[in-house]
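Data from entry-v1.csv: CSV, C-alpha atoms and all ligand atoms
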```
chain,number,residue,atom,x,y,z
B,1,MET,CA,-2.5,15.8,21.2
B,2,ASN,CA,-1.9,12.9,18.8
B,3,GLU,CA,-1.2,9.2,19.6
B,4,THR,CA,2.5,8.4,19.1
B,5,ILE,CA,3.2,6.3,16.0
B,6,ALA,CA,6.5,4.5,15.5
B,7,PHE,CA,7.3,3.4,11.9
B,8,ILE,CA,9.7,0.5,11.7
B,9,GLY,CA,11.3,1.0,8.3
B,10,ALA,CA,11.5,4.6,6.8
B,11,GLY,CA,11.2,3.6,3.2
B,12,ASN,CA,8.8,4.5,0.4
B,13,MET,CA,5.6,3.4,2.0
B,14,ALA,CA,6.4,4.7,5.5
B,15,ARG,CA,7.4,8.1,4.1
B,16,SER,CA,4.1,8.3,2.1
B,17,LEU,CA,2.1,7.5,5.3
B,18,ILE,CA,4.2,10.0,7.3
B,19,GLY,CA,3.7,12.7,4.6
B,20,GLY,CA,-0.1,12.0,4.6
B,21,LEU,CA,-0.4,12.2,8.4
B,22,ILE,CA,1.5,15.5,8.6
B,23,ALA,CA,-0.5,17.0,5.7
B,24,ASP,CA,-3.6,15.9,7.7
B,25,GLY,CA,-2.3,17.9,10.7
B,26,TRP,CA,-0.6,15.1,12.7
B,27,ASN,CA,2.0,16.5,15.1
B,28,GLU,CA,5.5,15.7,13.9
B,29,ASP,CA,6.6,15.3,17.5
B,30,ALA,CA,4.2,12.3,17.8
B,31,LEU,CA,6.0,10.4,15.0
B,32,TRP,CA,9.0,8.2,15.2
B,33,ALA,CA,10.8,6.5,12.3
B,34,ALA,CA,13.3,3.7,12.9
B,35,ASP,CA,15.6,2.5,10.1
B,36,PRO,CA,19.2,1.2,10.2
B,37,GLU,CA,20.1,3.1,7.0
B,38,THR,CA,21.4,6.6,7.8
B,39,THR,CA,20.4,7.9,4.4
B,40,GLN,CA,16.8,6.8,5.0
B,41,ARG,CA,16.7,8.5,8.3
B,42,GLN,CA,18.3,11.7,6.9
B,43,GLU,CA,15.8,11.8,4.1
B,44,ALA,CA,12.9,11.6,6.6
B,45,GLN,CA,14.5,14.0,9.1
B,46,GLY,CA,15.2,16.5,6.3
B,47,ARG,CA,11.6,16.5,5.3
B,48,TRP,CA,10.1,16.5,8.8
B,49,PRO,CA,12.6,18.1,11.2
B,50,GLY,CA,10.2,17.8,14.2
B,51,MET,CA,9.9,14.0,13.8
B,52,HIS,CA,12.1,11.6,15.8
B,53,THR,CA,14.4,9.2,14.0
B,54,THR,CA,16.5,6.4,15.3
B,55,GLY,CA,18.5,3.4,14.2
B,56,ASP,CA,17.1,1.4,17.1
B,57,GLY,CA,13.6,0.1,16.6
B,58,ALA,CA,13.1,-0.7,20.3
B,59,GLU,CA,13.7,2.9,21.2
B,60,ALA,CA,10.9,4.0,18.9
B,61,VAL,CA,8.6,1.2,20.1
B,62,ALA,CA,9.2,2.3,23.7
B,63,HIS,CA,7.3,5.6,22.9
B,64,ALA,CA,4.6,4.2,20.7
B,65,ASP,CA,0.8,3.8,20.9
B,66,VAL,CA,0.9,2.4,17.4
B,67,VAL,CA,3.8,0.5,15.7
B,68,VAL,CA,3.6,0.4,11.9
B,69,LEU,CA,5.7,-2.4,10.4
B,70,ALA,CA,7.0,-1.1,7.1
B,71,VAL,CA,9.9,-3.3,6.2
B,72,LYS,CA,10.1,-5.7,3.4
B,73,PRO,CA,8.3,-9.0,4.0
B,74,GLN,CA,11.5,-11.1,3.7
B,75,VAL,CA,13.1,-9.3,6.8
B,76,LEU,CA,9.9,-8.9,8.8
B,77,GLY,CA,10.4,-12.1,10.9
B,78,GLU,CA,13.9,-11.1,11.9
B,79,VAL,CA,12.8,-7.5,12.6
B,80,CYS,CA,9.8,-8.6,14.7
B,81,ARG,CA,11.9,-11.1,16.8
B,82,ALA,CA,14.3,-8.3,17.6
B,83,LEU,CA,11.5,-6.0,18.7
B,84,ALA,CA,9.5,-8.6,20.7
B,85,PRO,CA,10.7,-7.6,24.2
B,86,ALA,CA,10.0,-3.9,23.6
B,87,VAL,CA,6.6,-4.7,22.0
B,88,GLN,CA,5.5,-7.1,24.8
B,89,SER,CA,6.5,-4.6,27.4
B,90,ARG,CA,4.7,-1.6,25.7
B,91,ARG,CA,1.8,-3.6,24.1
B,92,PRO,CA,0.9,-1.0,21.4
B,93,LEU,CA,-1.5,-1.5,18.5
B,94,VAL,CA,0.6,-3.1,15.7
B,95,VAL,CA,-0.2,-2.3,12.1
B,96,SER,CA,1.5,-4.3,9.4
B,97,ILE,CA,1.6,-3.1,5.8
B,98,ALA,CA,3.8,-6.0,4.6
B,99,ALA,CA,2.5,-8.0,1.6
B,100,GLY,CA,2.0,-11.7,2.1
B,101,VAL,CA,2.8,-12.1,5.8
B,102,ARG,CA,0.0,-13.5,7.9
B,103,GLY,CA,-1.1,-11.9,11.2
B,104,ASP,CA,-0.6,-15.2,13.2
B,105,ASP,CA,3.1,-15.3,12.1
B,106,ILE,CA,3.6,-11.6,13.1
B,107,GLU,CA,2.1,-12.2,16.5
B,108,ARG,CA,4.2,-15.3,17.0
B,109,TRP,CA,7.4,-13.4,16.0
B,110,LEU,CA,6.4,-10.6,18.3
B,111,GLY,CA,6.1,-13.0,21.2
B,112,GLY,CA,2.4,-13.6,21.7
B,113,THR,CA,-1.1,-12.3,21.2
B,114,LEU,CA,-1.4,-8.6,20.4
B,115,ALA,CA,-3.8,-6.1,18.9
B,116,LEU,CA,-2.9,-6.4,15.2
B,117,VAL,CA,-4.2,-4.7,12.0
B,118,ARG,CA,-3.0,-6.0,8.7
B,119,CYS,CA,-3.4,-3.8,5.7
B,120,MET,CA,-2.5,-3.5,2.1
B,121,PRO,CA,-1.9,0.0,0.8
B,122,ASN,CA,-0.5,1.0,-2.6
B,123,THR,CA,2.0,3.5,-4.0
B,124,PRO,CA,-0.5,6.3,-5.0
B,125,ALA,CA,-0.5,6.9,-1.2
B,126,LEU,CA,2.6,9.0,-2.1
B,127,VAL,CA,0.2,11.6,-3.7
B,128,GLY,CA,-2.7,11.1,-1.3
B,129,SER,CA,-4.6,8.9,-3.7
B,130,GLY,CA,-3.9,5.5,-2.1
B,131,ALA,CA,-6.4,2.6,-1.7
B,132,THR,CA,-6.0,0.5,1.4
B,133,ALA,CA,-7.8,-2.6,2.7
B,134,LEU,CA,-7.5,-3.4,6.4
B,135,VAL,CA,-8.4,-6.3,8.6
B,136,ALA,CA,-8.3,-6.4,12.4
B,137,ASN,CA,-7.7,-9.4,14.7
B,138,ALA,CA,-9.9,-10.2,17.6
B,139,HIS,CA,-7.8,-8.2,20.1
B,140,VAL,CA,-8.2,-4.8,18.4
B,141,THR,CA,-10.6,-2.4,20.2
B,142,ALA,CA,-13.0,-0.1,18.4
B,143,GLU,CA,-10.8,2.9,19.3
B,144,GLN,CA,-7.7,1.1,17.8
B,145,ARG,CA,-9.7,0.3,14.6
B,146,ASP,CA,-10.5,4.0,14.3
B,147,LEU,CA,-6.8,4.9,14.9
B,148,ALA,CA,-5.5,2.4,12.3
B,149,GLU,CA,-8.1,3.8,9.8
B,150,SER,CA,-7.1,7.4,10.5
B,151,ILE,CA,-3.5,6.6,9.6
B,152,LEU,CA,-4.3,4.9,6.3
B,153,ARG,CA,-7.2,7.4,5.5
B,154,ALA,CA,-4.6,10.2,5.6
B,155,VAL,CA,-3.2,8.8,2.3
B,156,GLY,CA,-6.4,7.9,0.5
B,157,LEU,CA,-9.4,5.6,0.5
B,158,THR,CA,-9.8,2.7,3.1
B,159,ALA,CA,-12.0,-0.4,3.2
B,160,TRP,CA,-12.3,-2.9,6.0
B,161,LEU,CA,-12.3,-6.7,5.3
B,162,GLU,CA,-13.8,-9.4,7.6
B,163,ASP,CA,-11.5,-12.2,6.4
B,164,GLU,CA,-7.7,-11.9,6.4
B,165,ALA,CA,-7.5,-14.4,3.5
B,166,GLN,CA,-9.1,-11.7,1.2
B,167,LEU,CA,-6.0,-9.6,1.6
B,168,ASP,CA,-4.3,-11.9,-1.0
B,169,ALA,CA,-7.0,-10.8,-3.6
B,170,VAL,CA,-6.6,-7.2,-2.5
B,171,THR,CA,-2.9,-7.4,-3.1
B,172,ALA,CA,-3.6,-8.7,-6.6
B,173,LEU,CA,-6.1,-5.9,-7.2
B,174,SER,CA,-5.1,-2.7,-5.6
B,175,GLY,CA,-1.6,-3.5,-4.1
B,176,SER,CA,-0.1,-4.5,-7.4
B,177,GLY,CA,-2.8,-2.7,-9.5
B,178,PRO,CA,-0.9,0.6,-10.0
B,179,ALA,CA,1.6,-1.4,-12.1
B,180,TYR,CA,-1.3,-2.5,-14.4
B,181,GLY,CA,-2.3,1.1,-14.8
B,182,PHE,CA,1.2,2.1,-15.6
B,183,LEU,CA,1.5,-0.7,-18.1
B,184,LEU,CA,-1.7,0.5,-19.8
B,185,ILE,CA,-0.4,4.0,-19.9
B,186,GLU,CA,2.9,2.8,-21.4
B,187,ALA,CA,1.1,0.8,-24.0
B,188,MET,CA,-1.2,3.7,-25.0
B,189,GLU,CA,1.8,6.1,-25.2
B,190,ASN,CA,3.8,3.7,-27.4
B,191,ALA,CA,0.8,3.0,-29.7
B,192,GLY,CA,0.1,6.7,-30.0
B,193,THR,CA,3.7,7.3,-31.0
B,194,ASP,CA,3.6,4.4,-33.5
B,195,LEU,CA,0.5,6.0,-35.0
B,196,GLY,CA,2.5,9.2,-35.6
B,197,LEU,CA,2.1,11.4,-32.5
B,198,PRO,CA,5.1,13.2,-30.9
B,199,ARG,CA,6.1,11.1,-27.8
B,200,GLU,CA,5.5,13.8,-25.3
B,201,THR,CA,2.1,14.6,-26.6
B,202,ALA,CA,1.2,10.9,-26.6
B,203,ARG,CA,2.5,10.5,-23.1
B,204,LEU,CA,0.4,13.5,-21.7
B,205,LEU,CA,-2.7,12.4,-23.6
B,206,ALA,CA,-2.4,8.8,-22.3
B,207,LEU,CA,-1.8,9.9,-18.7
B,208,GLN,CA,-4.7,12.5,-18.6
B,209,THR,CA,-7.1,10.0,-20.3
B,210,VAL,CA,-6.5,7.3,-17.8
B,211,PHE,CA,-6.6,9.8,-14.9
B,212,GLY,CA,-9.8,11.4,-16.3
B,213,ALA,CA,-11.5,8.1,-16.8
B,214,ALA,CA,-10.8,7.0,-13.2
B,215,LYS,CA,-11.9,10.5,-11.9
B,216,LEU,CA,-15.1,10.4,-14.0
B,217,ALA,CA,-16.0,6.9,-12.8
B,218,LEU,CA,-15.3,7.8,-9.2
B,219,GLU,CA,-17.4,10.9,-9.3
B,220,SER,CA,-20.3,9.3,-11.3
B,221,ASP,CA,-23.2,7.3,-10.0
B,222,GLU,CA,-23.0,5.2,-13.1
B,223,ASP,CA,-20.9,2.0,-13.4
B,224,ALA,CA,-17.9,1.6,-15.7
B,225,ALA,CA,-19.8,-0.4,-18.3
B,226,THR,CA,-22.4,2.5,-18.7
B,227,LEU,CA,-19.7,5.1,-18.9
B,228,ARG,CA,-17.9,2.9,-21.5
B,229,ALA,CA,-21.1,2.6,-23.5
B,230,ARG,CA,-21.3,6.4,-23.6
B,231,VAL,CA,-17.9,6.7,-25.3
B,232,THR,CA,-18.8,4.0,-27.8
B,233,SER,CA,-20.8,5.5,-30.7
B,234,ARG,CA,-22.6,2.9,-32.8
B,235,GLY,CA,-20.5,2.4,-36.0
B,236,GLY,CA,-17.8,4.6,-34.6
B,237,THR,CA,-14.1,4.3,-33.6
B,238,THR,CA,-14.3,3.1,-30.0
B,239,GLU,CA,-16.4,0.1,-31.1
B,240,GLN,CA,-13.6,-1.0,-33.4
B,241,ALA,CA,-10.9,-0.7,-30.7
B,242,LEU,CA,-13.0,-2.5,-28.0
B,243,ALA,CA,-13.8,-5.4,-30.4
B,244,VAL,CA,-10.0,-5.9,-30.8
B,245,LEU,CA,-9.5,-5.8,-27.0
B,246,GLU,CA,-12.4,-8.2,-26.3
B,247,SER,CA,-11.5,-10.7,-29.0
B,248,GLY,CA,-7.8,-10.5,-27.7
B,249,GLY,CA,-9.1,-11.8,-24.4
B,250,LEU,CA,-8.4,-8.7,-22.2
B,251,ARG,CA,-10.9,-9.8,-19.5
B,252,ASP,CA,-9.5,-13.3,-19.2
B,253,LEU,CA,-6.0,-12.0,-19.3
B,254,MET,CA,-6.7,-9.7,-16.3
B,255,LEU,CA,-8.2,-12.6,-14.4
B,256,ARG,CA,-5.1,-14.8,-15.1
B,257,ALA,CA,-2.8,-11.9,-14.1
B,258,MET,CA,-4.6,-11.3,-10.9
B,259,THR,CA,-4.8,-15.0,-10.1
B,260,ALA,CA,-1.1,-15.3,-10.5
B,261,ALA,CA,-0.5,-12.3,-8.1
B,262,ARG,CA,-3.0,-13.7,-5.6
B,263,ASP,CA,-1.3,-17.1,-5.7
B,264,ARG,CA,2.1,-15.5,-5.2
B,265,SER,CA,0.8,-13.6,-2.2
B,266,ARG,CA,-0.4,-17.0,-0.7
B,267,GLU,CA,2.9,-18.7,-1.6
B,268,LEU,CA,5.0,-15.9,0.1
B,269,ALA,CA,2.8,-16.2,3.2
B,270,ASP,CA,3.4,-20.0,3.3
B,271,GLN,CA,7.1,-19.6,2.8
B,272,LEU,CA,7.6,-16.7,5.3
B,273,GLY,CA,5.4,-18.4,7.8
B,274,ARG,CA,7.8,-21.3,8.0
B,275,ASP,CA,10.4,-18.9,9.3
P,1,LIG,N1,5.8,-0.8,-2.7
P,1,LIG,C1,4.6,-1.1,-2.8
P,1,LIG,O1,3.9,-1.0,-3.8
P,1,LIG,C2,3.9,-1.7,-1.6
P,1,LIG,C3,4.6,-2.1,-0.5
P,1,LIG,N2,3.9,-2.6,0.5
P,1,LIG,C4,4.7,-3.2,1.7
P,1,LIG,O2,5.3,-2.1,2.4
P,1,LIG,C5,6.5,-2.6,3.0
P,1,LIG,C6,7.7,-1.6,2.7
P,1,LIG,O3,7.8,-1.5,1.3
P,1,LIG,P1,8.6,-0.2,0.7
P,1,LIG,O4,8.4,1.0,1.6
P,1,LIG,O5,8.3,-0.2,-0.7
P,1,LIG,O6,10.1,-0.8,0.9
P,1,LIG,P2,11.5,0.1,1.1
P,1,LIG,O7,12.6,-0.8,0.8
P,1,LIG,O8,11.4,1.4,0.4
P,1,LIG,O9,11.5,0.4,2.7
P,1,LIG,C7,11.9,-0.6,3.6
P,1,LIG,C8,12.8,0.1,4.7
P,1,LIG,O10,13.0,-0.9,5.7
P,1,LIG,C9,14.3,-0.6,6.2
P,1,LIG,N3,14.8,-1.7,7.1
P,1,LIG,C10,15.4,-2.8,6.8
P,1,LIG,N4,15.7,-3.5,7.9
P,1,LIG,C11,15.2,-2.8,9.0
P,1,LIG,C12,15.2,-3.0,10.4
P,1,LIG,N5,15.7,-4.0,11.0
P,1,LIG,N6,14.5,-2.0,11.1
P,1,LIG,C13,14.0,-0.9,10.6
P,1,LIG,N7,14.0,-0.7,9.2
P,1,LIG,C14,14.6,-1.6,8.4
P,1,LIG,C15,15.1,-0.4,5.0
P,1,LIG,O11,16.3,0.3,5.2
P,1,LIG,C16,14.2,0.5,4.1
P,1,LIG,O12,14.4,1.9,4.4
P,1,LIG,C17,6.8,-4.0,2.4
P,1,LIG,O13,6.5,-5.0,3.4
P,1,LIG,C18,5.8,-4.1,1.2
P,1,LIG,O14,5.3,-5.4,1.1
P,1,LIG,C19,2.6,-2.7,0.6
P,1,LIG,C20,1.8,-2.2,-0.4
P,1,LIG,C21,2.4,-1.7,-1.6
P,2,LIG,O1,5.0,-6.6,-5.7
P,2,LIG,C1,4.8,-6.7,-4.5
P,2,LIG,O2,5.1,-7.8,-4.0
P,2,LIG,C2,4.3,-5.6,-3.6
P,2,LIG,C3,3.1,-5.9,-2.9
P,2,LIG,C4,2.0,-5.1,-3.6
P,2,LIG,C5,2.8,-4.2,-4.4
P,2,LIG,N1,4.1,-4.4,-4.4
```
Could you spell out this file's structure in structure tokens?
Ligand SMILES: NC(=O)C1=CN([C@@H]2O[C@H](COP(=O)(O)OP(=O)(O)OC[C@H]3O[C@@H](n4cnc5c(N)ncnc54)[C@H](O)[C@@H]3O)[C@@H](O)[C@H]2O)C=CC1
Ligand SMILES: O=C(O)[C@@H]1CCC=N1
Amino acid sequence: MNETIAFIGAGNMARSLIGGLIADGWNEDALWAADPETTQRQEAQGRWPGMHTTGDGAEAVAHADVVVLAVKPQVLGEVCRALAPAVQSRRPLVVSIAAGVRGDDIERWLGGTLALVRCMPNTPALVGSGATALVANAHVTAEQRDLAESILRAVGLTAWLEDEAQLDAVTALSGSGPAYGFLLIEAMENAGTDLGLPRETARLLALQTVFGAAKLALESDEDAATLRARVTSRGGTTEQALAVLESGGLRDLMLRAMTAARDRSRELADQLGRD
């Protein structure tokens, strides 16, 4: 018998989490998805016929031990205010996956103190290879921590943080990070094509190389710098390529990119918190 989880919003991230939970053996009957869009509900219901769907978030909350807030940050305030009576009467664990919305604001919109876990997943959750950082407020019990972790672990790796402010850096690293990986893949594919390879061959080689490097690093006891050194023969080809990347300032560029993402996450939280 599983705890009942209500997803508020049945979009991309909610569906990845639901897919992961079901693949992990979670009972479909213990899952609810609330979304005002009929097409989103139909998509979820078509994939998981045993799950409950509704257009009314309060109906889903009324059954829930855990409420997962999976709507866009810009509508979260309005969504929470509408759900406040149902949440205050049921008092479930609330898990927010929204980027750049502070826990204090979510509790305020939901009408007062609640057990709340904020987390930052990423889209590889869709294929069970997500990375999620979580942070719990002072009202979350040890059992509720385990429950929140089991939901996110169903779609990949999890890591707990002590300080909510660190979620802005996590958003810059692993939340937005899949896009950096995709950009690298695009750039390698395009360069390979410019150097004379057929596009499809360049695409597959770029994809498998980035995937293989991450898999090797994950499964190795050695750090990335050591693994990089092993590819880099003295006087060879990699040395030439890395010299171009280093002198072009790749490390500094990454720091600037992630600082910009971190700052935007803070700015969003400040803006949305005034709501
Ligand atoms: N896409 C990403 O890479 C990541 C997204 N997130 C967070 O996940 C959250 C959801 O993002 P996505 O799934 O990508 O968005 P999405 O747009 O695919 O899904 C949001 C869903 O919320 C529904 N919705 C709108 N108003 C609603 C209401 N009143 N009640 C219930 N549902 C309502 C929409 O119809 C839509 O189906 C966002 O807060 C985002 O910050 C977090 C990490 C990564
Ligand atoms: O770009 C964004 O704002 C969201 C948060 C992390 C990934 N996508």
request  = Excluding Ala6 in chain B and any residue of its chain fewer than 5 positions from it, enumerate the residues within 6 Å of it, using all atoms listed in the file, and give them as a count of residues only.
outcome  = 6
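For ligand LIG 1 (chain P), the set of protein, DNA and RNA residues within 6 Å, based on only C-alpha atoms and all ligand atoms, reads Ile8, Gly9, Ala10, Gly11, Asn12, Met13, Ala14, Ala34, Asp35, Pro36, Glu37, Gln40, Gly57, Ala70, Val71, Lys72, Pro73, Val79, Ile97, Ala98, Ala99, Met120, Pro121, Asn122, Thr123 and Gly175 of chain B.
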Please produce an output containing C-alpha atoms for each residue in the selection, written as a PDB file, keeping the file's coordinate frame.
```
ATOM      1  CA  ILE B   8       9.700   0.500  11.700  1.00  0.00           C
ATOM      2  CA  GLY B   9      11.300   1.000   8.300  1.00  0.00           C
ATOM      3  CA  ALA B  10      11.500   4.600   6.800  1.00  0.00           C
ATOM      4  CA  GLY B  11      11.200   3.600   3.200  1.00  0.00           C
ATOM      5  CA  ASN B  12       8.800   4.500   0.400  1.00  0.00           C
ATOM      6  CA  MET B  13       5.600   3.400   2.000  1.00  0.00           C
ATOM      7  CA  ALA B  14       6.400   4.700   5.500  1.00  0.00           C
ATOM      8  CA  ALA B  34      13.300   3.700  12.900  1.00  0.00           C
ATOM      9  CA  ASP B  35      15.600   2.500  10.100  1.00  0.00           C
ATOM     10  CA  PRO B  36      19.200   1.200  10.200  1.00  0.00           C
ATOM     11  CA  GLU B  37      20.100   3.100   7.000  1.00  0.00           C
ATOM     12  CA  GLN B  40      16.800   6.800   5.000  1.00  0.00           C
ATOM     13  CA  GLY B  57      13.600   0.100  16.600  1.00  0.00           C
ATOM     14  CA  ALA B  70       7.000  -1.100   7.100  1.00  0.00           C
ATOM     15  CA  VAL B  71       9.900  -3.300   6.200  1.00  0.00           C
ATOM     16  CA  LYS B  72      10.100  -5.700   3.400  1.00  0.00           C
ATOM     17  CA  PRO B  73       8.300  -9.000   4.000  1.00  0.00           C
ATOM     18  CA  VAL B  79      12.800  -7.500  12.600  1.00  0.00           C
ATOM     19  CA  ILE B  97       1.600  -3.100   5.800  1.00  0.00           C
ATOM     20  CA  ALA B  98       3.800  -6.000   4.600  1.00  0.00           C
ATOM     21  CA  ALA B  99       2.500  -8.000   1.600  1.00  0.00           C
ATOM     22  CA  MET B 120      -2.500  -3.500   2.100  1.00  0.00           C
ATOM     23  CA  PRO B 121      -1.900   0.000   0.800  1.00  0.00           C
ATOM     24  CA  ASN B 122      -0.500   1.000  -2.600  1.00  0.00           C
ATOM     25  CA  THR B 123       2.000   3.500  -4.000  1.00  0.00           C
ATOM     26  CA  GLY B 175      -1.600  -3.500  -4.100  1.00  0.00           C
TER      27      GLY B 175
END
```
key: CA of Gly103 in chain B to CA of Ser176 in chain B, distance in Å rounded to a single decimal   =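 Separation between CA of Gly103 in chain B and CA of Ser176 in chain B: 20.0 Å.
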ask   = Which is closer to Leu21 in chain B than all the others in B:Leu110, B:Ala125, B:Val94, B:Leu116, using only C-alpha atoms?
value = B:Ala125
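Put simply, CA of Leu126 in chain B is 12.7 Å away from CA of Leu157 in chain B.
When only C-alpha atoms and all ligand atoms are used to measure the gap to ligand LIG 2 (chain P), the shortest distance among B:Arg274, B:Arg199, B:Arg108, B:Arg262 belongs to B:Arg262.
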Save range 67-90 of chain B from what I just supplied, as a short mmCIF file (atom, residue, chain, number, x, y, z; two decimals), in the first residue's frame, atoms limited to N, CA and C atoms.
```cif
data_model
loop_
_atom_site.label_atom_id
_atom_site.label_comp_id
_atom_site.auth_asym_id
_atom_site.auth_seq_id
_atom_site.Cartn_x
_atom_site.Cartn_y
_atom_site.Cartn_z
N VAL B 67 1.53 16.31 -1.67
CA VAL B 67 1.10 17.15 -2.79
C VAL B 67 2.35 17.65 -3.49
N VAL B 68 2.49 17.32 -4.77
CA VAL B 68 3.66 17.77 -5.54
C VAL B 68 3.24 18.95 -6.42
N LEU B 69 3.83 20.11 -6.15
CA LEU B 69 3.51 21.32 -6.92
C LEU B 69 4.37 21.32 -8.18
N ALA B 70 3.73 21.10 -9.33
CA ALA B 70 4.47 20.94 -10.60
C ALA B 70 3.91 21.84 -11.68
N VAL B 71 3.57 23.07 -11.29
CA VAL B 71 3.14 24.08 -12.27
C VAL B 71 4.28 25.07 -12.48
N LYS B 72 4.16 25.94 -13.49
CA LYS B 72 5.20 26.92 -13.76
C LYS B 72 5.31 27.91 -12.59
N PRO B 73 6.53 28.38 -12.31
CA PRO B 73 6.71 29.30 -11.17
C PRO B 73 5.77 30.50 -11.22
N GLN B 74 5.52 31.02 -12.42
CA GLN B 74 4.74 32.26 -12.55
C GLN B 74 3.27 32.09 -12.14
N VAL B 75 2.76 30.84 -12.14
CA VAL B 75 1.36 30.66 -11.72
C VAL B 75 1.25 30.01 -10.35
N LEU B 76 2.41 29.73 -9.73
CA LEU B 76 2.37 28.97 -8.47
C LEU B 76 1.63 29.71 -7.36
N GLY B 77 1.82 31.04 -7.27
CA GLY B 77 1.16 31.82 -6.22
C GLY B 77 -0.35 31.68 -6.31
N GLU B 78 -0.86 31.88 -7.51
CA GLU B 78 -2.31 31.81 -7.74
C GLU B 78 -2.82 30.38 -7.47
N VAL B 79 -2.06 29.38 -7.93
CA VAL B 79 -2.47 27.98 -7.74
C VAL B 79 -2.50 27.64 -6.25
N CYS B 80 -1.47 28.08 -5.51
CA CYS B 80 -1.41 27.78 -4.07
C CYS B 80 -2.56 28.45 -3.32
N ARG B 81 -2.83 29.69 -3.64
CA ARG B 81 -3.91 30.39 -2.92
C ARG B 81 -5.23 29.66 -3.11
N ALA B 82 -5.46 29.17 -4.34
CA ALA B 82 -6.71 28.45 -4.61
C ALA B 82 -6.77 27.13 -3.84
N LEU B 83 -5.58 26.54 -3.58
CA LEU B 83 -5.57 25.23 -2.90
C LEU B 83 -5.48 25.34 -1.38
N ALA B 84 -5.25 26.57 -0.88
CA ALA B 84 -4.96 26.74 0.56
C ALA B 84 -6.00 26.07 1.47
N PRO B 85 -7.31 26.28 1.27
CA PRO B 85 -8.26 25.65 2.19
C PRO B 85 -8.13 24.13 2.20
N ALA B 86 -7.99 23.53 1.03
CA ALA B 86 -7.89 22.06 0.96
C ALA B 86 -6.60 21.59 1.63
N VAL B 87 -5.50 22.32 1.42
CA VAL B 87 -4.21 21.91 1.99
C VAL B 87 -4.24 22.08 3.51
N GLN B 88 -4.82 23.18 3.99
CA GLN B 88 -4.85 23.39 5.44
C GLN B 88 -5.76 22.39 6.13
N SER B 89 -6.78 21.92 5.44
CA SER B 89 -7.64 20.94 6.10
C SER B 89 -7.00 19.54 6.06
N ARG B 90 -6.24 19.22 5.03
CA ARG B 90 -5.63 17.88 4.90
C ARG B 90 -4.23 17.81 5.52
#
```
